[in-house]
$ cat input-v7.pdb   # PDB, C-alpha atoms
MODEL        1
ATOM      1  CA  MET N   1       0.000   0.000   0.000
ATOM      2  CA  ASP N   2       1.407   3.379  -0.964
ATOM      3  CA  LYS N   3       1.793   6.163   1.576
ATOM      4  CA  GLU N   4      -0.864   8.401   0.044
ATOM      5  CA  THR N   5      -3.491   5.657   0.207
ATOM      6  CA  GLN N   6      -2.588   4.937   3.818
ATOM      7  CA  LYS N   7      -2.941   8.632   4.691
ATOM      8  CA  GLN N   8      -6.348   8.770   2.999
ATOM      9  CA  ILE N   9      -7.490   5.662   4.896
ATOM     10  CA  GLU N  10      -6.403   7.172   8.195
ATOM     11  CA  LEU N  11      -8.158  10.448   7.375
ATOM     12  CA  GLY N  12     -11.359   8.735   6.244
ATOM     13  CA  ARG N  13     -11.394   6.487   9.296
ATOM     14  CA  GLU N  14     -10.869   9.434  11.651
ATOM     15  CA  LEU N  15     -13.694  11.424  10.061
ATOM     16  CA  TYR N  16     -15.954   8.373  10.140
ATOM     17  CA  GLU N  17     -15.223   7.573  13.793
ATOM     18  CA  ASN N  18     -15.869  11.213  14.703
ATOM     19  CA  GLY N  19     -19.275  10.983  13.065
ATOM     20  CA  GLU N  20     -18.367  13.466  10.317
ATOM     21  CA  PHE N  21     -20.030  11.360   7.652
ATOM     22  CA  GLU N  22     -20.435  14.131   5.056
ATOM     23  CA  LYS N  23     -16.700  14.779   5.082
ATOM     24  CA  ALA N  24     -15.784  11.102   5.324
ATOM     25  CA  GLU N  25     -17.835   9.943   2.318
ATOM     26  CA  PRO N  26     -15.788  11.558  -0.507
ATOM     27  CA  VAL N  27     -12.544  10.452   1.118
ATOM     28  CA  LEU N  28     -13.732   6.862   1.472
ATOM     29  CA  ARG N  29     -15.168   6.774  -2.048
ATOM     30  CA  GLY N  30     -11.844   7.986  -3.414
ATOM     31  CA  ILE N  31     -10.112   5.086  -1.676
ATOM     32  CA  ILE N  32     -12.602   2.529  -3.061
ATOM     33  CA  GLU N  33     -12.188   3.826  -6.598
ATOM     34  CA  LYS N  34      -8.520   2.835  -6.432
ATOM     35  CA  ASN N  35      -8.833  -0.134  -4.068
ATOM     36  CA  PRO N  36     -12.290  -1.758  -4.437
ATOM     37  CA  SER N  37     -11.389  -4.717  -2.206
ATOM     38  CA  PHE N  38     -11.049  -2.846   1.111
ATOM     39  CA  ALA N  39     -13.883  -4.471   3.051
ATOM     40  CA  ASP N  40     -13.807  -2.111   6.019
ATOM     41  CA  ILE N  41     -13.998   0.963   3.754
ATOM     42  CA  LEU N  42     -16.961  -0.568   1.903
ATOM     43  CA  ASN N  43     -18.634  -1.265   5.220
ATOM     44  CA  MET N  44     -18.110   2.313   6.426
ATOM     45  CA  LEU N  45     -19.700   3.680   3.276
ATOM     46  CA  GLY N  46     -22.644   1.325   3.827
ATOM     47  CA  VAL N  47     -23.100   2.680   7.350
ATOM     48  CA  ILE N  48     -22.986   6.260   6.039
ATOM     49  CA  TYR N  49     -25.712   5.564   3.464
ATOM     50  CA  HIS N  50     -27.818   3.606   5.969
ATOM     51  CA  ASN N  51     -27.582   6.532   8.364
ATOM     52  CA  ARG N  52     -28.971   8.770   5.595
ATOM     53  CA  GLY N  53     -31.860   6.418   5.044
ATOM     54  CA  GLU N  54     -30.523   5.213   1.686
ATOM     55  CA  ILE N  55     -31.104   1.575   2.604
ATOM     56  CA  GLY N  56     -30.828   0.121  -0.878
ATOM     57  CA  ARG N  57     -27.534   1.855  -1.515
ATOM     58  CA  ALA N  58     -26.288   0.835   1.927
ATOM     59  CA  LYS N  59     -27.184  -2.796   1.179
ATOM     60  CA  GLU N  60     -25.059  -2.711  -1.975
ATOM     61  CA  PHE N  61     -21.974  -1.649  -0.061
ATOM     62  CA  PHE N  62     -22.588  -4.117   2.772
ATOM     63  CA  GLU N  63     -22.901  -6.876   0.164
ATOM     64  CA  LYS N  64     -19.622  -5.808  -1.434
ATOM     65  CA  ALA N  65     -17.894  -5.757   1.954
ATOM     66  CA  TYR N  66     -19.338  -9.148   2.903
ATOM     67  CA  GLY N  67     -18.463 -10.577  -0.514
ATOM     68  CA  THR N  68     -14.889  -9.363  -0.161
ATOM     69  CA  ASN N  69     -14.536 -10.941   3.276
ATOM     70  CA  PRO N  70     -17.318 -13.359   4.321
ATOM     71  CA  ARG N  71     -15.805 -13.530   7.812
ATOM     72  CA  TYR N  72     -16.113  -9.784   8.348
ATOM     73  CA  THR N  73     -18.757  -9.968  11.089
ATOM     74  CA  ASP N  74     -19.562  -6.248  11.210
ATOM     75  CA  ALA N  75     -20.355  -6.211   7.500
ATOM     76  CA  ALA N  76     -22.431  -9.400   7.837
ATOM     77  CA  LEU N  77     -24.485  -7.983  10.716
ATOM     78  CA  ASN N  78     -25.008  -4.682   8.900
ATOM     79  CA  LEU N  79     -26.152  -6.598   5.825
ATOM     80  CA  ILE N  80     -28.661  -8.515   7.972
ATOM     81  CA  VAL N  81     -30.053  -5.216   9.267
ATOM     82  CA  ALA N  82     -30.336  -3.856   5.720
ATOM     83  CA  PHE N  83     -32.107  -7.001   4.492
ATOM     84  CA  ASN N  84     -34.558  -6.775   7.381
ATOM     85  CA  ASP N  85     -35.201  -3.094   6.681
ATOM     86  CA  LEU N  86     -35.996  -3.999   3.081
ATOM     87  CA  GLY N  87     -38.227  -6.922   4.097
ATOM     88  CA  GLU N  88     -35.829  -9.506   2.647
ATOM     89  CA  TYR N  89     -36.073 -11.734   5.708
ATOM     90  CA  ASP N  90     -34.975 -14.992   4.072
ATOM     91  CA  LYS N  91     -31.738 -13.409   2.922
ATOM     92  CA  ALA N  92     -31.159 -11.966   6.381
ATOM     93  CA  ARG N  93     -31.727 -15.393   7.961
ATOM     94  CA  ASP N  94     -29.324 -17.024   5.500
ATOM     95  CA  ILE N  95     -26.515 -14.602   6.392
ATOM     96  CA  PHE N  96     -27.229 -15.101  10.097
ATOM     97  CA  GLU N  97     -26.901 -18.879   9.789
ATOM     98  CA  ARG N  98     -23.584 -18.479   8.003
ATOM     99  CA  ILE N  99     -21.986 -16.252  10.618
ATOM    100  CA  LYS N 100     -23.054 -18.633  13.397
ATOM    101  CA  SER N 101     -20.761 -21.255  11.846
ATOM    102  CA  PHE N 102     -17.655 -19.027  11.883
ATOM    103  CA  SER N 103     -14.736 -20.572  13.737
ATOM    104  CA  GLY N 104     -12.246 -17.731  13.442
ATOM    105  CA  THR N 105     -10.411 -15.796  10.755
ATOM    106  CA  SER N 106      -7.247 -16.881   8.986
ATOM    107  CA  LYS N 107      -4.467 -14.407   8.222
ATOM    108  CA  ASP N 108      -5.228 -14.661   4.516
ATOM    109  CA  GLU N 109      -8.728 -13.340   5.155
ATOM    110  CA  ILE N 110      -7.671 -10.145   6.944
ATOM    111  CA  GLU N 111      -8.144  -7.094   4.743
ATOM    112  CA  PRO N 112      -4.963  -5.285   3.600
ATOM    113  CA  TYR N 113      -5.164  -2.189   5.802
ATOM    114  CA  ALA N 114      -5.625  -4.282   8.943
ATOM    115  CA  LYS N 115      -2.733  -6.508   7.894
ATOM    116  CA  GLY N 116      -0.485  -3.480   7.558
ATOM    117  CA  ARG N 117      -1.450  -2.177  10.987
ATOM    118  CA  LEU N 118      -0.884  -5.573  12.612
ATOM    119  CA  ALA N 119       2.466  -5.952  10.862
ATOM    120  CA  ASN N 120       3.629  -2.554  12.104
ATOM    121  CA  MET N 121       2.525  -3.405  15.644
ATOM    122  CA  HIS N 122       4.602  -6.598  15.522
ATOM    123  CA  ALA N 123       7.532  -4.564  14.177
ATOM    124  CA  ASP N 124       7.227  -1.969  16.962
ATOM    125  CA  LEU N 125       7.289  -4.724  19.562
ATOM    126  CA  GLY N 126      10.234  -6.325  17.774
ATOM    127  CA  GLN N 127      12.163  -3.063  18.067
ATOM    128  CA  VAL N 128      11.417  -2.903  21.812
ATOM    129  CA  TYR N 129      12.788  -6.427  22.258
ATOM    130  CA  ALA N 130      15.863  -5.522  20.191
ATOM    131  CA  ASP N 131      16.493  -2.402  22.283
ATOM    132  CA  LEU N 132      16.439  -4.624  25.378
ATOM    133  CA  GLY N 133      18.832  -7.100  23.778
ATOM    134  CA  ILE N 134      16.202  -9.856  23.633
ATOM    135  CA  TYR N 135      17.053 -10.716  20.063
ATOM    136  CA  GLU N 136      15.299 -14.061  19.686
ATOM    137  CA  ASP N 137      11.914 -12.582  20.609
ATOM    138  CA  SER N 138      12.627  -9.553  18.433
ATOM    139  CA  VAL N 139      13.243 -11.723  15.384
ATOM    140  CA  GLN N 140      10.057 -13.670  16.088
ATOM    141  CA  GLN N 141       8.019 -10.455  16.119
ATOM    142  CA  TYR N 142       9.497  -9.386  12.790
ATOM    143  CA  ARG N 143       8.744 -12.825  11.349
ATOM    144  CA  SER N 144       5.134 -12.471  12.487
ATOM    145  CA  ALA N 145       5.001  -9.084  10.785
ATOM    146  CA  LEU N 146       6.382 -10.552   7.563
ATOM    147  CA  GLU N 147       3.879 -13.416   7.606
ATOM    148  CA  LEU N 148       1.211 -10.734   7.342
ATOM    149  CA  CYS N 149       3.048  -8.501   4.873
ATOM    150  CA  PRO N 150       5.825 -10.494   3.178
ATOM    151  CA  THR N 151       6.632  -7.696   0.722
ATOM    152  CA  PHE N 152       7.554  -5.128   3.396
ATOM    153  CA  ALA N 153      11.250  -4.782   2.568
ATOM    154  CA  ASP N 154      11.929  -2.394   5.444
ATOM    155  CA  LEU N 155      10.715  -4.927   8.030
ATOM    156  CA  GLN N 156      12.784  -7.742   6.543
ATOM    157  CA  THR N 157      15.811  -5.463   6.556
ATOM    158  CA  LYS N 158      15.285  -4.556  10.206
ATOM    159  CA  MET N 159      14.903  -8.221  11.105
ATOM    160  CA  ALA N 160      18.205  -8.958   9.382
ATOM    161  CA  GLN N 161      19.889  -6.179  11.345
ATOM    162  CA  VAL N 162      18.637  -7.732  14.586
ATOM    163  CA  MET N 163      19.981 -11.102  13.449
ATOM    164  CA  ARG N 164      23.375  -9.533  12.836
ATOM    165  CA  GLU N 165      23.368  -7.894  16.251
ATOM    166  CA  ALA N 166      22.527 -11.315  17.732
ATOM    167  CA  GLY N 167      25.571 -12.805  16.002
ATOM    168  CA  LYS N 168      23.562 -14.702  13.383
ATOM    169  CA  ILE N 169      25.399 -13.017  10.547
ATOM    170  CA  ASP N 170      24.916 -15.710   7.920
ATOM    171  CA  ASP N 171      21.154 -15.652   8.522
ATOM    172  CA  ALA N 172      21.199 -11.872   8.217
ATOM    173  CA  ILE N 173      23.064 -12.074   4.908
ATOM    174  CA  ASP N 174      20.535 -14.588   3.568
ATOM    175  CA  GLU N 175      17.620 -12.297   4.474
ATOM    176  CA  LEU N 176      19.282  -9.222   2.988
ATOM    177  CA  ASN N 177      20.161 -11.014  -0.217
ATOM    178  CA  ALA N 178      16.499 -12.030  -0.469
ATOM    179  CA  VAL N 179      15.434  -8.389  -0.108
ATOM    180  CA  LYS N 180      18.026  -7.341  -2.678
ATOM    181  CA  ALA N 181      16.725  -9.915  -5.153
ATOM    182  CA  ALA N 182      13.117  -8.823  -4.681
ATOM    183  CA  ARG N 183      13.696  -5.087  -4.358
ATOM    184  CA  PRO N 184      17.097  -4.146  -5.840
ATOM    185  CA  GLU N 185      16.129  -0.480  -5.717
ATOM    186  CA  TYR N 186      15.738  -0.598  -1.912
ATOM    187  CA  MET N 187      19.109   0.813  -0.912
ATOM    188  CA  PRO N 188      18.899   0.399   2.922
ATOM    189  CA  ALA N 189      18.933  -3.397   2.473
ATOM    190  CA  ARG N 190      21.994  -3.234   0.244
ATOM    191  CA  LEU N 191      23.793  -0.926   2.674
ATOM    192  CA  ALA N 192      22.943  -3.308   5.510
ATOM    193  CA  LEU N 193      24.172  -6.238   3.414
ATOM    194  CA  GLY N 194      27.570  -4.560   3.163
ATOM    195  CA  VAL N 195      27.528  -4.059   6.930
ATOM    196  CA  ALA N 196      26.776  -7.744   7.441
ATOM    197  CA  TYR N 197      29.626  -8.785   5.150
ATOM    198  CA  PHE N 198      31.987  -6.492   7.048
ATOM    199  CA  SER N 199      30.785  -7.934  10.365
ATOM    200  CA  ARG N 200      31.672 -11.402   9.058
ATOM    201  CA  GLY N 201      35.157 -10.166   8.216
ATOM    202  CA  ASP N 202      34.540 -10.240   4.470
ATOM    203  CA  ARG N 203      35.951  -6.804   3.633
ATOM    204  CA  ALA N 204      36.035  -7.435  -0.109
ATOM    205  CA  SER N 205      32.347  -8.379  -0.330
ATOM    206  CA  ALA N 206      31.394  -5.425   1.837
ATOM    207  CA  ARG N 207      33.296  -3.046  -0.417
ATOM    208  CA  GLU N 208      31.831  -4.654  -3.530
ATOM    209  CA  GLU N 209      28.302  -4.208  -2.178
ATOM    210  CA  TRP N 210      28.798  -0.560  -1.274
ATOM    211  CA  MET N 211      30.463   0.149  -4.620
ATOM    212  CA  SER N 212      27.463  -1.496  -6.313
ATOM    213  CA  VAL N 213      25.157   0.894  -4.454
ATOM    214  CA  LEU N 214      27.242   3.829  -5.659
ATOM    215  CA  GLU N 215      27.027   2.590  -9.240
ATOM    216  CA  ASP N 216      23.233   2.677  -9.040
ATOM    217  CA  ASP N 217      23.036   5.741  -6.829
ATOM    218  CA  PRO N 218      26.198   7.881  -7.120
ATOM    219  CA  ASP N 219      24.884  10.419  -4.612
ATOM    220  CA  ASN N 220      24.302   7.882  -1.845
ATOM    221  CA  LEU N 221      26.221   9.482   1.024
ATOM    222  CA  ALA N 222      26.073   6.499   3.357
ATOM    223  CA  ALA N 223      27.514   4.139   0.738
ATOM    224  CA  ARG N 224      30.284   6.619  -0.034
ATOM    225  CA  MET N 225      31.099   6.923   3.660
ATOM    226  CA  TYR N 226      31.227   3.142   4.135
ATOM    227  CA  GLN N 227      33.313   2.637   0.995
ATOM    228  CA  ARG N 228      35.890   5.165   2.186
ATOM    229  CA  MET N 229      35.964   3.541   5.604
ATOM    230  CA  VAL N 230      36.510   0.012   4.289
ATOM    231  CA  ASP N 231      39.275   1.263   2.000
ATOM    232  CA  GLN N 232      41.003   2.728   5.058
ATOM    233  CA  VAL N 233      40.602  -0.486   7.048
ATOM    234  CA  MET N 234      41.893  -2.649   4.198
ATOM    235  CA  ALA N 235      44.878  -0.327   3.724
ATOM    236  CA  GLN N 236      45.691  -0.536   7.425
ATOM    237  CA  GLU N 237      45.396  -4.323   7.434
ATOM    238  CA  GLU N 238      47.641  -4.612   4.376
ATOM    239  CA  ALA N 239      50.222  -2.312   5.952
ATOM    240  CA  ALA N 240      50.142  -4.280   9.207
ATOM    241  CA  ALA N 241      50.544  -7.577   7.327
ATOM    242  CA  GLN N 242      53.661  -6.213   5.630
ATOM    243  CA  GLY N 243      55.075  -5.027   8.937
ATOM    244  CA  MET N 244      54.784  -1.401   7.931
ATOM    245  CA  PRO N 245      53.928   1.291  10.476
ATOM    246  CA  VAL N 246      50.285   2.272  10.421
ATOM    247  CA  GLU N 247      49.682   5.975  10.440
ATOM    248  CA  VAL N 248      46.314   6.947  11.793
ATOM    249  CA  ASP N 249      44.795  10.145  10.532
ATOM    250  CA  HIS N 250      41.233  11.150   9.949
ATOM    251  CA  LEU N 251      39.886  10.853   6.480
ATOM    252  CA  SER N 252      38.666  13.941   4.708
ATOM    253  CA  SER N 253      35.161  14.878   5.693
ATOM    254  CA  VAL N 254      32.200  13.186   4.085
ATOM    255  CA  PRO N 255      29.409  15.736   3.906
ATOM    256  CA  GLU N 256      26.034  14.470   4.997
ATOM    257  CA  PRO N 257      23.952  17.636   5.248
ATOM    258  CA  ASP N 258      20.627  17.872   6.923
ATOM    259  CA  LYS N 259      17.707  19.311   5.039
ATOM    260  CA  ASN N 260      19.061  22.818   5.694
ATOM    261  CA  GLY N 261      22.520  21.915   4.438
ATOM    262  CA  GLU N 262      24.110  22.847   7.763
ATOM    263  CA  GLU N 263      25.484  19.522   8.951
ATOM    264  CA  GLU N 264      28.781  17.845   8.076
ATOM    265  CA  LEU N 265      29.677  14.355   9.259
ATOM    266  CA  GLU N 266      33.257  13.081   9.513
ATOM    267  CA  PHE N 267      34.736   9.889  10.823
ATOM    268  CA  THR N 268      38.205   8.706  11.819
ATOM    269  CA  LEU N 269      39.764   5.327  12.353
ATOM    270  CA  ASP N 270      42.013   4.690  15.322
ATOM    271  CA  GLU N 271      44.667   1.980  15.528
ATOM    272  CA  ASP N 272      42.066  -0.673  16.284
ATOM    273  CA  GLY N 273      40.078   0.205  13.200
ATOM    274  CA  MET N 274      37.189   1.534  15.245
ATOM    275  CA  LYS N 275      34.915   4.067  13.630
ATOM    276  CA  LYS N 276      34.395   7.401  15.372
ATOM    277  CA  PHE N 277      31.917   9.965  14.212
ATOM    278  CA  GLN N 278      32.701  13.652  14.487
ATOM    279  CA  THR N 279      29.919  16.106  13.913
ATOM    280  CA  ASP N 280      30.213  19.813  13.333
ATOM    281  CA  ALA N 281      27.039  20.881  15.091
ATOM    282  CA  SER N 282      24.709  23.049  13.117
ATOM    283  CA  GLU N 283      23.411  26.314  14.457
ATOM    284  CA  ASP N 284      20.122  24.776  15.471
ATOM    285  CA  GLY N 285      21.844  21.994  17.418
ATOM    286  CA  ASP N 286      20.630  19.031  15.368
ATOM    287  CA  SER N 287      22.444  15.804  16.168
ATOM    288  CA  ALA N 288      24.313  13.729  13.608
ATOM    289  CA  ASP N 289      21.641  11.061  13.951
ATOM    290  CA  GLU N 290      18.912  13.585  13.138
ATOM    291  CA  ALA N 291      20.839  14.855  10.126
ATOM    292  CA  SER N 292      21.292  11.327   8.841
ATOM    293  CA  ALA N 293      17.654  10.515   9.467
ATOM    294  CA  ASP N 294      16.643  13.473   7.341
ATOM    295  CA  GLU N 295      18.569  11.928   4.464
ATOM    296  CA  ALA N 296      16.738   8.628   4.702
ATOM    297  CA  SER N 297      13.210   7.931   3.583
ATOM    298  CA  GLU N 298      11.101   4.985   4.614
ATOM    299  CA  ASP N 299      11.069   3.626   1.129
ATOM    300  CA  GLY N 300      14.747   3.664   0.447
ATOM    301  CA  GLY N 301      16.543   6.850   1.382
ATOM    302  CA  ASP N 302      20.322   6.839   1.300
ATOM    303  CA  GLY N 303      20.934   7.714   4.957
ATOM    304  CA  ALA N 304      22.366   5.097   7.284
ATOM    305  CA  SER N 305      20.033   3.606   9.875
ATOM    306  CA  GLU N 306      20.709   3.761  13.610
ATOM    307  CA  ALA N 307      21.985   0.197  13.583
ATOM    308  CA  GLU N 308      24.229   0.885  10.609
ATOM    309  CA  LYS N 309      25.700   4.018  12.158
ATOM    310  CA  GLU N 310      26.939   2.067  15.159
ATOM    311  CA  PHE N 311      27.903  -1.199  13.551
ATOM    312  CA  PHE N 312      31.619  -0.730  14.158
ATOM    313  CA  LYS N 313      31.393  -0.525  17.910
ATOM    314  CA  GLN N 314      32.557  -4.086  18.404
ATOM    315  CA  GLU N 315      33.440  -5.343  14.955
ATOM    316  CA  GLU N 316      37.199  -4.677  14.811
ATOM    317  CA  GLU N 317      39.564  -6.167  17.384
TER     318      GLU N 317
ENDMDL
END
$ encode --input "input-v7.pdb" --output "structure tokens"
Amino acid sequence: MDKETQKQIELGRELYENGEFEKAEPVLRGIIEKNPSFADILNMLGVIYHNRGEIGRAKEFFEKAYGTNPRYTDAALNLIVAFNDLGEYDKARDIFERIKSFSGTSKDEIEPYAKGRLANMHADLGQVYADLGIYEDSVQQYRSALELCPTFADLQTKMAQVMREAGKIDDAIDELNAVKAARPEYMPARLALGVAYFSRGDRASAREEWMSVLEDDPDNLAARMYQRMVDQVMAQEEAAAQGMPVEVDHLSSVPEPDKNGEEELEFTLDEDGMKKFQTDASEDGDSADEASADEASEDGGDGASEAEKEFFKQEEE
């Protein structure tokens, strides 16, 4: 579901729940014109028309809602009321007998908007578990979210990041490669894949992945930052292997401006190869994390995620 549709659904639902039926109707009808299978939206429109006394029109929308999801009890009950109002008692009795036999709803029968909300609730809980370091339960919540919405690339990417933090790096790489195959344009997954390779000690694959991102998106600041970092680490490792002294100096700054263009992010590498962020604070005091977040969008912005920004804390010994 695209963002605009989701916003319209939230607006229509809010107006409907507040009893502002006149304002809700055009919003809900606009949604149905693009997505005629949203059972709850069809049901809301039926209620609006029934409230106006347009029983026949209400019945049509209740029938559409019930036909879309026969286990949608609210729509079934509203359809029974409409049939009774129209004197179609046999039809009302038939629907009533059907709903008495319901034994629950399967995940496949949940309408799309509800699935999205449930998936995001699972994801929110998964993030809470991850923040507490309870990684196994976190991964399970993300899996539950993905069972509902298997095409949500951002949730699969977050689950992979939790796997990596839990030390299950190979599993994380498998998940991220799956996202990359399905959504190659979703850059956060490809950035995270490079992070996972680096965490496994595979510097070459990490660099290759970040360079691949830059080929497709030359202005991706996070990929450029990571590529420069891995080049520095590989140079240090090569120098150390040859017994040469390793000089540690900060790399030239990698600009990552916030939306006002006032923020610049730098990093250095110490002798242990640890990454340190240095931020020239902007006049309004935005943090480096906020500046990076402004660069990223939910659907594939080029900013690094919170997990990605800190992935070097314990990677290099």
$ resolve_selection --input "input-v7.pdb" --expression "the PyMOL selection byres ((chain N and resi 147) around 12)" --output "list in words"
Ser106, Lys107, Asp108, Lys115, Gly116, Leu118, Ala119, Asn120, His122, Ala123, Gln140, Gln141, Tyr142, Arg143, Ser144, Ala145, Leu146, Leu148, Cys149, Pro150, Thr151, Phe152, Leu155 and Gln156 of chain N
$ atom_distance --input "input-v7.pdb" --atom1 "CA of Arg200 (chain N)" --atom2 "CA of Ile134 (chain N)"
21.3 Å
$ residues_around --input "input-v7.pdb" --residues "region 28-40 of chain N" --least-positions-apart "3" --cutoff "12 Å" --atoms "all atoms listed in the file" --output "ChimeraX atom specification"
/N:1-2,4-16,20-25,43-49,61-76,78,109-115
$ atom_distance --input "input-v7.pdb" --atom1 "CA of Glu185 (chain N)" --atom2 "CA of Ala204 (chain N)"
21.8 Å
$ resolve_selection --input "input-v7.pdb" --expression "the PyMOL selection byres ((chain N and resi 86) around 12)" --output "list of chain:residue names"
N:His50, N:Gly53, N:Glu54, N:Ile55, N:Gly56, N:Arg57, N:Ala58, N:Lys59, N:Leu79, N:Ile80, N:Val81, N:Ala82, N:Phe83, N:Asn84, N:Asp85, N:Gly87, N:Glu88, N:Tyr89, N:Asp90, N:Lys91, N:Ala92
$ axis_aligned_box --input "input-v7.pdb" --around "region 18-27 of chain N" --padding-each-side "8 Å" --output "JSON"
{"center_x": -16.5, "center_y": 12.4, "center_z": 7.1, "size_x": 23.9, "size_y": 20.8, "size_z": 31.2}
$ resolve_selection --input "input-v7.pdb" --expression "the PyMOL selection byres ((chain N and resi 193) around 8)" --output "JSON, numbers by chain"
{"N": [172, 173, 176, 177, 189, 190, 191, 192, 194, 195, 196, 197, 206, 209]}
$ atom_distance --input "input-v7.pdb" --atom1 "CA of Leu125 (chain N)" --atom2 "CA of Ser138 (chain N)"
7.3 Å
$ closest_residue --input "input-v7.pdb" --among "N:Val179, N:Tyr186, N:Val139, N:Gln236" --to "Met163 (chain N)" --atoms "all atoms listed in the file"
N:Val139
